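Shown next, in structure tokens, is the structure this report addresses.
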Amino acid sequence: MPKKTFYLDTAKTDAIKLQWGLFWKNFSISKNDQVIGEAANAKELREGKIFKLFDGRSISVKLKRVGLGEELEILLDGKPIAGSSTDPRQQVKIAFVFLLFIGILNAVLGAVVEFANIETLKTYGINIGSCILGLVYIGLACLVKYKLSLIALYLAIILMCIDTGLALIYNAQMRIGIGGLIIRVIFIMFLIRAISGIKNLKKEQGNVHS
């Protein structure tokens with residue numbers, strides 16, 4: 001049974017726990033080991049539920065369609081709970097992690113293949129260019145996380161789309177599986193979601209121009 005813990009304060013002392021069964025059945029939310037709300041199935045969650053805390057605050061949960069899947073929106077008095085899928089900081093963090101992973105993977109593979117002169121991997125398009133591209137992704141990742149740069153995020157999305165398009169052509173020619181393409185598409189979807197995350201954080205800071 002999946003379980004998740006979220007904190008309602010920055011000190012991480014005020015926690016709520018969510019758990020549910022297969023296909024979102026028997027969903028429950030508890031605080032201090034006391035159940036404060038339940039939903040029988042995914043249908044109820046899609047309609048949305050509001051649960052009252054003992055101190056008067058309210059938590060709303062709603063199962064929402066996002067891309068090809070669904071995710072749980074969790075709000076405390078109308079605002080995303082830290083660490084939840086609709087939390088702007090979490091959205092930016094995920095984009096940063098994905099870009100950093102892609103960057104490091106490209107940089108390391110490109111460097112190893114080039115300096116070790118591994119011809120087999122060079123036939124897959126892995127070379128010094130991959131290393132340079134990896135460093136670009138790492139730079140964009142840092143700009144996204146630490147500068148909340150929309151321009152850097154847009155560039156990262158464009159690069160990922162170009163890379164995915166080239167991989168699609170290469171896979172068609174070599175008749176290779178599409179597993180890698182699916183992963184790229186998932187990465188792009190999370191990067192696109194981070195756009196609204198950055199915009200919301202910039203609104204909090206009073207700056208939405210960069």
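Each chain in the structure tokens gets a letter, A, B, ..., in the order shown, and its residues are numbered from 1; ligands are numbered from 1 in order too.
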Show me, as a ChimeraX atom specification, the residues that have an atom within 7 Å of Leu18 of chain A when counting only C-alpha atoms, minus same-chain residues fewer than 3 positions from it.
/A:3-5,28-30
Output file for the residues above (N, CA and C atoms, as a tab-separated table (two decimals), in the first residue's frame):
```
chain	number	residue	atom	x	y	z
A	3	LYS	N	2.41	4.86	0.56
A	3	LYS	CA	2.28	5.82	1.65
A	3	LYS	C	3.16	7.03	1.37
A	4	LYS	N	2.67	8.21	1.71
A	4	LYS	CA	3.46	9.42	1.57
A	4	LYS	C	3.25	10.31	2.78
A	5	THR	N	4.32	11.00	3.16
A	5	THR	CA	4.25	11.93	4.28
A	5	THR	C	4.58	13.33	3.77
A	28	SER	N	-6.80	7.30	2.38
A	28	SER	CA	-7.01	7.92	3.70
A	28	SER	C	-5.91	8.93	3.99
A	29	ILE	N	-6.24	9.91	4.78
A	29	ILE	CA	-5.28	10.92	5.20
A	29	ILE	C	-5.36	11.02	6.73
A	30	SER	N	-4.21	10.98	7.38
A	30	SER	CA	-4.20	10.98	8.84
A	30	SER	C	-3.18	11.98	9.37
```
Where in segment 8-119 of chain A does DSSP assign strand (DSSP E or B), given as a PyMOL selection string?
chain A and resi 15-19+27-31+34-39+49-52+58-66+69-76+79-80
Using only C-alpha atoms, which residue out of A:Leu148, A:Asn200, A:Asp9, A:Pro2 lies closest to Gly21 of chain A?
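Among the listed residues, A:Pro2 lies closest to Gly21 of chain A.
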At a cut-off of 12 Å, using only C-alpha atoms, what residues contact Thr10 of chain A? Leave out same-chain residues fewer than 3 positions from it and give the result as a list in words.
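Contacts, in chain order: Phe6, Tyr7, Thr13, Asp14, Ala15, Ile81, Ala82 and Gly83 of chain A.
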Would you mind exporting C-alpha atoms of the selected residues as a short mmCIF file (atom, residue, chain, number, x, y, z; two decimals), in the first residue's frame?
```
data_model
loop_
_atom_site.label_atom_id
_atom_site.label_comp_id
_atom_site.auth_asym_id
_atom_site.auth_seq_id
_atom_site.Cartn_x
_atom_site.Cartn_y
_atom_site.Cartn_z
CA PHE A 6 3.99 15.69 3.80
CA TYR A 7 4.86 18.46 6.21
CA THR A 13 7.29 18.86 12.72
CA ASP A 14 3.65 19.05 11.57
CA ALA A 15 3.07 16.03 9.33
CA ILE A 81 1.63 21.55 0.18
CA ALA A 82 5.42 21.54 0.05
CA GLY A 83 6.76 18.50 -1.78
#
```
Using only C-alpha atoms for the distances, tell me which of A:Ser149, A:Gln90, A:Gly134, A:Ser85 is nearest to Ala107 of chain A.
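Counting only C-alpha atoms, the residue closest to Ala107 of chain A is A:Gly134.
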